[in-house]
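Coordinates as given in data.cif (mmCIF, C-alpha atoms):
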```
data_final
#
loop_
_atom_site.label_atom_id
_atom_site.label_comp_id
_atom_site.auth_asym_id
_atom_site.auth_seq_id
_atom_site.Cartn_x
_atom_site.Cartn_y
_atom_site.Cartn_z
CA MET A 25 109.90 191.10 70.77
CA ASP A 26 110.91 187.47 71.18
CA LEU A 27 112.32 185.12 68.53
CA LEU A 28 108.95 183.52 67.83
CA GLN A 29 107.44 186.91 66.97
CA LEU A 30 110.36 187.77 64.68
CA ARG A 31 110.13 184.39 62.96
CA THR A 32 106.41 184.95 62.45
CA LEU A 33 107.03 188.32 60.75
CA LEU A 34 109.56 186.81 58.36
CA THR A 35 107.28 183.88 57.57
CA VAL A 36 104.34 186.18 56.78
CA ALA A 37 106.54 188.26 54.48
CA ARG A 38 107.92 185.17 52.73
CA HIS A 39 104.54 183.56 52.08
CA GLY A 40 102.44 186.65 51.47
CA SER A 41 99.45 185.87 53.69
CA PHE A 42 98.49 185.13 57.27
CA ALA A 43 96.86 181.85 56.24
CA ALA A 44 99.95 180.51 54.43
CA ALA A 45 102.23 181.54 57.29
CA ALA A 46 99.88 179.90 59.78
CA ARG A 47 100.11 176.58 57.89
CA VAL A 48 103.90 176.68 57.98
CA LEU A 49 104.03 177.69 61.65
CA ASP A 50 101.21 175.30 62.63
CA GLN A 51 99.23 178.15 64.20
CA ASP A 52 95.78 179.63 63.80
CA PRO A 53 95.68 182.52 61.28
CA SER A 54 94.14 184.77 63.92
CA ALA A 55 97.15 184.15 66.17
CA VAL A 56 99.51 185.12 63.35
CA SER A 57 97.47 188.26 62.69
CA ARG A 58 97.63 189.22 66.38
CA THR A 59 101.41 188.71 66.43
CA VAL A 60 101.86 191.03 63.46
CA ALA A 61 99.56 193.65 64.98
CA ALA A 62 101.46 193.51 68.27
CA ALA A 63 104.79 193.92 66.49
CA GLU A 64 103.51 196.93 64.56
CA ALA A 65 102.18 198.47 67.77
CA HIS A 66 105.52 197.88 69.49
CA LEU A 67 107.50 199.48 66.64
CA GLY A 68 104.97 202.21 65.93
CA VAL A 69 105.07 201.57 62.16
CA ARG A 70 103.05 199.57 59.67
CA LEU A 71 105.04 196.57 58.42
CA PHE A 72 102.39 195.14 56.09
CA GLN A 73 99.82 196.74 53.83
CA ARG A 74 96.55 194.77 53.99
CA SER A 75 93.81 194.65 51.37
CA THR A 76 90.96 192.27 50.64
CA ARG A 77 93.04 190.53 47.98
CA ARG A 78 96.65 190.56 49.11
CA LEU A 79 99.19 191.33 51.81
CA ALA A 80 102.27 193.34 50.88
CA VAL A 81 105.34 194.41 52.87
CA THR A 82 105.67 198.18 53.23
CA GLY A 83 108.93 199.96 52.46
CA VAL A 84 109.66 200.44 56.16
CA GLY A 85 108.68 196.85 56.82
CA GLN A 86 111.06 195.51 54.14
CA ALA A 87 113.95 197.52 55.53
CA TYR A 88 113.24 196.19 59.02
CA LEU A 89 112.90 192.58 57.89
CA ASP A 90 116.09 192.79 55.82
CA ARG A 91 117.96 193.81 58.97
CA ILE A 92 116.53 191.17 61.29
CA ALA A 93 116.62 188.20 58.90
CA PRO A 94 120.40 187.53 59.08
CA LEU A 95 120.38 188.17 62.84
CA LEU A 96 117.60 185.64 63.39
CA GLU A 97 119.40 183.09 61.22
CA GLU A 98 122.59 183.53 63.24
CA LEU A 99 120.66 183.05 66.47
CA GLU A 100 119.06 179.87 65.12
CA ILE A 101 122.45 178.55 64.01
CA ALA A 102 123.93 179.25 67.44
CA ALA A 103 120.99 177.56 69.17
CA GLU A 104 121.22 174.53 66.89
CA GLU A 105 124.96 174.19 67.51
CA ALA A 106 124.42 174.42 71.26
CA ARG A 107 121.69 171.77 71.19
CA SER A 108 123.69 169.41 68.99
CA ALA A 109 126.69 169.68 71.29
CA ARG A 110 124.79 168.28 74.24
CA ARG A 111 122.45 165.68 72.72
CA ALA A 112 121.57 163.61 69.67
CA PRO A 113 119.92 165.23 66.61
CA SER A 114 116.23 165.81 67.22
CA GLY A 115 113.20 167.69 65.96
CA THR A 116 110.98 167.23 62.93
CA LEU A 117 112.49 166.78 59.46
CA ARG A 118 110.05 167.47 56.63
CA LEU A 119 111.00 165.75 53.38
CA THR A 120 109.21 165.52 50.04
CA ALA A 121 109.88 163.11 47.17
CA SER A 122 108.03 161.49 44.30
CA VAL A 123 105.74 158.60 45.17
CA ALA A 124 107.79 156.00 43.31
CA TRP A 125 111.20 157.14 44.58
CA GLY A 126 109.95 157.51 48.13
CA GLN A 127 108.45 154.03 48.16
CA GLU A 128 111.31 152.26 46.38
CA CYS A 129 114.41 154.10 47.61
CA LEU A 130 113.63 155.90 50.84
CA VAL A 131 111.20 153.69 52.77
CA PRO A 132 113.59 150.67 52.75
CA LEU A 133 116.24 152.87 54.42
CA LEU A 134 113.98 154.12 57.20
CA PRO A 135 114.61 151.30 59.71
CA GLU A 136 118.34 152.00 59.74
CA PHE A 137 117.89 155.77 59.88
CA ARG A 138 115.40 155.46 62.74
CA SER A 139 117.78 153.21 64.67
CA LEU A 140 120.60 155.73 64.24
CA TYR A 141 118.52 158.84 65.01
CA PRO A 142 115.50 157.85 67.10
CA GLU A 143 114.87 161.40 68.30
CA ILE A 144 114.26 162.76 64.78
CA THR A 145 110.60 162.81 63.75
CA LEU A 146 110.13 162.28 60.00
CA ASP A 147 107.30 164.04 58.15
CA LEU A 148 107.41 162.48 54.67
CA ARG A 149 105.34 163.96 51.84
CA PHE A 150 105.34 161.63 48.82
CA THR A 151 103.78 163.38 45.83
CA ASP A 152 104.54 163.69 42.13
CA ALA A 153 103.95 167.45 42.32
CA ASN A 154 107.03 169.63 42.88
CA LEU A 155 106.17 171.32 46.15
CA ASP A 156 107.40 174.82 46.96
CA LEU A 157 109.75 174.11 49.87
CA LEU A 158 109.37 177.54 51.47
CA ALA A 159 105.62 177.75 51.01
CA GLU A 160 105.07 174.24 52.38
CA GLY A 161 107.65 174.50 55.17
CA MET A 162 109.72 171.57 53.84
CA ASP A 163 113.34 171.05 54.85
CA LEU A 164 114.40 168.81 51.99
CA ALA A 165 113.18 167.70 48.56
CA ILE A 166 114.41 164.82 46.42
CA ARG A 167 113.93 165.61 42.74
CA LEU A 168 114.52 163.29 39.78
CA ALA A 169 115.78 165.45 36.93
CA PRO A 170 118.81 166.90 35.19
CA ALA A 171 120.70 169.49 37.24
CA PRO A 172 118.05 171.65 38.96
CA GLN A 173 117.89 175.38 38.35
CA GLY A 174 116.82 178.06 40.82
CA ASP A 175 117.69 179.48 44.22
CA LEU A 176 117.67 176.21 46.19
CA ILE A 177 120.92 174.51 47.17
CA SER A 178 121.29 171.17 45.38
CA THR A 179 123.53 168.14 45.61
CA ARG A 180 123.30 165.00 43.49
CA LEU A 181 122.74 161.84 45.50
CA ARG A 182 123.08 159.43 42.60
CA ARG A 183 123.02 159.26 38.83
CA THR A 184 119.95 157.71 37.22
CA THR A 185 120.16 155.50 34.16
CA TYR A 186 117.21 154.21 32.18
CA HIS A 187 116.71 150.88 30.45
CA VAL A 188 114.25 149.54 27.92
CA CYS A 189 113.15 146.23 29.36
CA ALA A 190 110.55 143.52 28.90
CA THR A 191 109.75 140.05 30.22
CA PRO A 192 111.32 136.94 28.65
CA GLU A 193 107.78 135.73 27.89
CA TYR A 194 106.99 138.88 25.92
CA LEU A 195 110.20 138.57 23.90
CA ASP A 196 109.47 134.91 23.12
CA ARG A 197 106.05 135.95 21.86
CA ALA A 198 106.83 139.21 20.01
CA GLY A 199 110.50 138.79 19.15
CA ARG A 200 113.50 140.57 20.57
CA PRO A 201 114.38 143.86 18.81
CA ALA A 202 117.96 143.86 17.57
CA ASP A 203 118.40 147.63 17.85
CA PRO A 204 116.37 150.61 19.14
CA GLN A 205 114.82 151.40 15.75
CA GLU A 206 113.00 148.04 15.80
CA LEU A 207 110.89 149.31 18.71
CA ARG A 208 108.73 150.99 16.05
CA ARG A 209 106.99 147.66 15.43
CA HIS A 210 106.36 146.91 19.11
CA ASP A 211 103.39 147.89 21.30
CA CYS A 212 105.40 149.84 23.87
CA LEU A 213 104.31 150.86 27.35
CA ARG A 214 104.55 154.61 27.64
CA MET A 215 104.53 157.26 30.33
CA GLN A 216 103.68 160.61 28.78
CA LEU A 217 105.51 163.50 30.43
CA PRO A 218 104.35 167.14 30.21
CA GLY A 219 106.12 168.97 27.42
CA GLN A 220 107.74 165.80 26.06
CA ASP A 221 107.08 163.98 22.83
CA SER A 222 106.66 160.22 22.62
CA SER A 223 110.22 159.52 21.48
CA TRP A 224 112.84 157.53 23.34
CA HIS A 225 116.43 158.66 22.87
CA PHE A 226 119.48 156.42 22.72
CA ARG A 227 123.23 156.86 22.46
CA THR A 228 126.32 154.66 22.56
CA GLY A 229 129.65 155.29 24.26
CA LEU A 230 131.03 156.19 20.81
CA GLY A 231 128.48 158.98 20.40
CA GLU A 232 126.07 157.27 18.00
CA GLU A 233 122.53 158.49 18.67
CA ALA A 234 119.05 157.26 17.79
CA HIS A 235 115.70 158.96 18.34
CA VAL A 236 112.85 156.50 18.14
CA PRO A 237 109.17 157.54 18.07
CA VAL A 238 107.42 154.84 20.08
CA THR A 239 103.77 153.93 19.96
CA GLY A 240 101.64 151.81 22.24
CA SER A 241 98.08 151.25 23.29
CA VAL A 242 98.81 151.67 27.02
CA VAL A 243 99.88 155.02 28.52
CA ILE A 244 100.40 155.09 32.29
CA SER A 245 101.08 158.11 34.54
CA SER A 246 102.71 156.19 37.43
CA PRO A 247 106.23 154.68 37.25
CA LEU A 248 105.19 151.97 39.73
CA ALA A 249 102.18 151.00 37.62
CA LEU A 250 104.32 151.13 34.48
CA ARG A 251 106.70 148.62 36.04
CA GLU A 252 103.79 146.35 36.97
CA ALA A 253 102.54 146.46 33.39
CA ALA A 254 106.00 145.53 32.12
CA ARG A 255 106.18 142.68 34.64
CA ALA A 256 102.83 141.46 33.33
CA GLY A 257 104.34 141.10 29.86
CA LEU A 258 102.32 143.87 28.18
CA GLY A 259 105.30 145.22 26.25
CA PRO A 260 108.66 147.00 26.45
CA ALA A 261 108.94 149.89 28.92
CA LEU A 262 111.54 152.57 29.64
CA LEU A 263 112.25 152.40 33.38
CA ALA A 264 114.79 153.85 35.82
CA ASP A 265 117.51 151.60 37.19
CA TRP A 266 116.35 152.03 40.80
CA LEU A 267 112.93 150.67 39.84
CA ILE A 268 114.09 147.46 38.17
CA GLU A 269 117.31 146.37 39.90
CA GLU A 270 115.65 143.46 41.68
CA ASP A 271 113.66 142.48 38.58
CA LEU A 272 116.83 142.26 36.49
CA VAL A 273 118.62 140.15 39.10
CA ALA A 274 115.62 137.81 39.42
CA GLY A 275 115.17 137.57 35.65
CA ARG A 276 111.61 138.90 35.70
CA LEU A 277 112.72 141.63 33.29
CA VAL A 278 115.62 141.78 30.84
CA THR A 279 117.25 144.82 29.25
CA LEU A 280 117.06 144.98 25.48
CA PHE A 281 119.95 147.08 24.22
CA ASN A 282 123.30 146.52 25.89
CA GLY A 283 125.75 149.27 25.00
CA TRP A 284 123.05 151.90 24.56
CA GLU A 285 122.05 154.57 27.07
CA ALA A 286 118.35 155.39 26.97
CA THR A 287 116.18 158.28 28.16
CA ALA A 288 112.89 160.03 27.49
CA THR A 289 114.20 163.43 28.66
CA GLY A 290 117.96 163.94 29.08
CA PHE A 291 120.96 161.71 29.64
CA ASP A 292 122.36 163.69 32.58
CA SER A 293 119.66 162.74 35.05
CA GLY A 294 119.83 161.89 38.71
CA ALA A 295 118.32 162.06 42.16
CA TRP A 296 119.02 165.51 43.61
CA ALA A 297 118.65 166.72 47.18
CA LEU A 298 117.37 170.31 47.35
CA TYR A 299 117.22 172.47 50.47
CA PRO A 300 116.71 176.20 51.10
CA SER A 301 119.89 177.44 52.78
CA ARG A 302 123.58 176.59 52.83
CA SER A 303 124.39 178.81 55.82
CA TYR A 304 121.76 177.43 58.18
CA MET A 305 121.53 173.64 58.15
CA PRO A 306 119.90 172.01 61.19
CA THR A 307 121.73 168.95 62.44
CA ARG A 308 118.75 166.74 61.59
CA LEU A 309 119.01 167.85 57.94
CA ARG A 310 122.77 167.38 57.82
CA VAL A 311 122.62 163.83 59.15
CA MET A 312 119.86 162.93 56.67
CA LEU A 313 121.91 164.27 53.75
CA ASP A 314 124.99 162.37 54.91
CA PHE A 315 122.90 159.22 55.35
CA LEU A 316 121.38 159.45 51.86
CA LYS A 317 124.74 160.16 50.23
CA LYS A 318 126.27 157.13 51.93
CA HIS A 319 123.47 154.75 50.89
CA LEU A 320 122.64 156.08 47.42
CA SER A 321 125.92 157.22 45.91
#
```
Hey, can you dump this file as structure tokens for me?
Amino acid sequence: MDLLQLRTLLTVARHGSFAAAARVLDQDPSAVSRTVAAAEAHLGVRLFQRSTRRLAVTGVGQAYLDRIAPLLEELEIAAEEARSARRAPSGTLRLTASVAWGQECLVPLLPEFRSLYPEITLDLRFTDANLDLLAEGMDLAIRLAPAPQGDLISTRLRRTTYHVCATPEYLDRAGRPADPQELRRHDCLRMQLPGQDSSWHFRTGLGEEAHVPVTGSVVISSPLALREAARAGLGPALLADWLIEEDLVAGRLVTLFNGWEATATGFDSGAWALYPSRSYMPTRLRVMLDFLKKHLS
């Protein structure tokens, strides 16, 4: 069997169906099915147990796949090292990020990255859903959260801080709150997160904390739209630093509570790069990680 056949077997086992493996491998499901059947005929054993509802790896199949998986990874590492030694990084890099972060932080960096690595094809999936990297065949995910948990390798690209901000016109009209507790009397712009209450949390460098239940007649699901509503003077909003840097410099928005950290979730938040494997890192992934660390740290 060749490397493509072995890779197909491992992909089918990882994703649990011919259809899912076909999407990752960019093949027709019937072609994947034929590859598996040919491998089973060659070995003389059944690697997968089929039923109308699911596909499961047999005991013999699992033992076989456990043996070939590290060998295939070593071969791919050797091939990648050989290719990188003779030419510039190339191939397709599949990256997923949230819509807002992708638009605000990644897209502005693309011209420089493309000029440095013109042979890398970028497949960018901007979505606010947390995609399964293995199931979707993604090389890299950028997640905005406290330290991620799970089996993926993670590295923090930058810390994220949040600010309560509003337009000067709004503050002239409604009054500027002297401390976070005074937000109770303001019509705040909110973004409701799953599993989170409607409180904003604050703390000072001395450890003083405040938990403020905020109310408002406008709830928006998109950070980009939330920023636009704040720019329009509709009320105070809690926004990430990377969303409002230019607005603060231009004076379109002003921060309300100097000396206070603010968050709706946790204070130790950041932009994290997640990828599936530490031992096998294609050159195109390595140069993207180095590029993002340089520009975002």
*asked:* Env of Val60 of chain A: 9 Å cut, atoms = only C-alpha atoms, seq-sep filter 2 positions within chain, self excluded. Answer as a ChimeraX atom specification.
replied: /A:29,32-33,36,55-58,62-65,71-72
_Taking the file as I've supplied it (selection: the PyMOL selection byres ((chain A and resi 142) around 12)), which residues are included? Please answer as a count of residues only._
19
*Identify which of the residues A:Pro94, A:Pro201, A:Pro247, A:Gly283 lies closest to Leu267 of chain A, counting all atoms listed in the file when measuring atom-to-atom distances.*
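Between A:Pro94, A:Pro201, A:Pro247, A:Gly283, the residue approaching Leu267 of chain A most closely is A:Pro247.
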*Using only C-alpha atoms, pick whichever of A:Glu97, A:Glu160, A:Met215, A:Gly275 has the shortest atom-to-atom distance to Ile244 of chain A.*
A:Met215
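The protein and nucleic acid residues lying at most 6 Å from segment 230-239 of chain A are A:Gln205, A:Arg208, A:Cys212, A:Ser222, A:Ser223, A:Trp224, A:His225, A:Phe226, with only C-alpha atoms considered and sequence neighbours fewer than 4 positions away removed.
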_Result set of the PyMOL selection byres ((chain A and resi 190) around 8) on the coordinates above, as JSON, numbers by chain_ = {"A": [188, 189, 191, 192, 194, 195, 254, 255, 257, 259, 260, 261, 277, 278, 279, 280]}
Expected file contents, prior selection, C-alpha atoms, as a compact mmCIF listing (two decimals), in the frame of the given file:
```txt
# COMPACT_ATOMS: atom_id res chain seq x y z
CA VAL A 188 114.25 149.54 27.92
CA CYS A 189 113.15 146.23 29.36
CA THR A 191 109.75 140.05 30.22
CA PRO A 192 111.32 136.94 28.65
CA TYR A 194 106.99 138.88 25.92
CA LEU A 195 110.20 138.57 23.90
CA ALA A 254 106.00 145.53 32.12
CA ARG A 255 106.18 142.68 34.64
CA GLY A 257 104.34 141.10 29.86
CA GLY A 259 105.30 145.22 26.25
CA PRO A 260 108.66 147.00 26.45
CA ALA A 261 108.94 149.89 28.92
CA LEU A 277 112.72 141.63 33.29
CA VAL A 278 115.62 141.78 30.84
CA THR A 279 117.25 144.82 29.25
CA LEU A 280 117.06 144.98 25.48
```
*asked:* What would the selection look like, as a PyMOL selection string, if the PyMOL selection byres ((chain A and resi 164-177) around 9) were run on the coordinates I just shared?
replied: chain A and resi 117-122+125-126+154-155+157+162-163+178-181+184+289-302+309+313
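Computed from the coordinates, the atom CA of Arg31 of chain A to atom CA of Leu49 of chain A distance equals 9.2 Å.
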*In Å, with one decimal, what is the gap from atom CA of Val123 of chain A to atom CA of Phe150 of chain A?*
4.8 Å
*Long-range neighbours of Leu30 of chain A as a count of residues only, 10 Å cut-off, all atoms listed in the file, 4 positions minimum in chain*: 11
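Nearest to Ala80 of chain A of all the residues A:Gly40, A:His66, A:Ala46, A:Pro204 is A:Gly40, counting all atoms listed in the file.
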*Residue among A:Leu99, A:Leu248, A:Ala202, A:Val243 lying closest to Trp284 of chain A, counting all atoms listed in the file*: A:Ala202
*Among listed residues A:Leu148, A:His319, A:Glu193, A:Thr287, nearest Leu258 of chain A (using all atoms listed in the file)*: A:Glu193
*When you draw a straight line from atom CA of Val242 of chain A to atom CA of Ala274 of chain A, how long is it in Å?*
25.1 Å
*Counting only C-alpha atoms, figure out which residue out of A:Leu95, A:Leu213, A:Leu28, A:Ala249 gets nearest to Leu262 of chain A.*
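Once distances to Leu262 of chain A are computed over only C-alpha atoms, the minimum belongs to A:Leu213.
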*Within 10 Å of file point (115.2, 154.4, 44.1), counting all atoms listed in the file, expressed as number ranges by chain*: A: 124-132, 168, 182, 184, 264-269, 295, 320
Any chance you can output those residues with C-alpha atoms as a PDB file, in the frame of the given file?
```pdb
ATOM      1  CA  ALA A 124     107.790 156.000  43.310  1.00  0.00           C
ATOM      2  CA  TRP A 125     111.200 157.140  44.580  1.00  0.00           C
ATOM      3  CA  GLY A 126     109.950 157.510  48.130  1.00  0.00           C
ATOM      4  CA  GLN A 127     108.450 154.030  48.160  1.00  0.00           C
ATOM      5  CA  GLU A 128     111.310 152.260  46.380  1.00  0.00           C
ATOM      6  CA  CYS A 129     114.410 154.100  47.610  1.00  0.00           C
ATOM      7  CA  LEU A 130     113.630 155.900  50.840  1.00  0.00           C
ATOM      8  CA  VAL A 131     111.200 153.690  52.770  1.00  0.00           C
ATOM      9  CA  PRO A 132     113.590 150.670  52.750  1.00  0.00           C
ATOM     10  CA  LEU A 168     114.520 163.290  39.780  1.00  0.00           C
ATOM     11  CA  ARG A 182     123.080 159.430  42.600  1.00  0.00           C
ATOM     12  CA  THR A 184     119.950 157.710  37.220  1.00  0.00           C
ATOM     13  CA  ALA A 264     114.790 153.850  35.820  1.00  0.00           C
ATOM     14  CA  ASP A 265     117.510 151.600  37.190  1.00  0.00           C
ATOM     15  CA  TRP A 266     116.350 152.030  40.800  1.00  0.00           C
ATOM     16  CA  LEU A 267     112.930 150.670  39.840  1.00  0.00           C
ATOM     17  CA  ILE A 268     114.090 147.460  38.170  1.00  0.00           C
ATOM     18  CA  GLU A 269     117.310 146.370  39.900  1.00  0.00           C
ATOM     19  CA  ALA A 295     118.320 162.060  42.160  1.00  0.00           C
ATOM     20  CA  LEU A 320     122.640 156.080  47.420  1.00  0.00           C
TER      21      LEU A 320
END
```
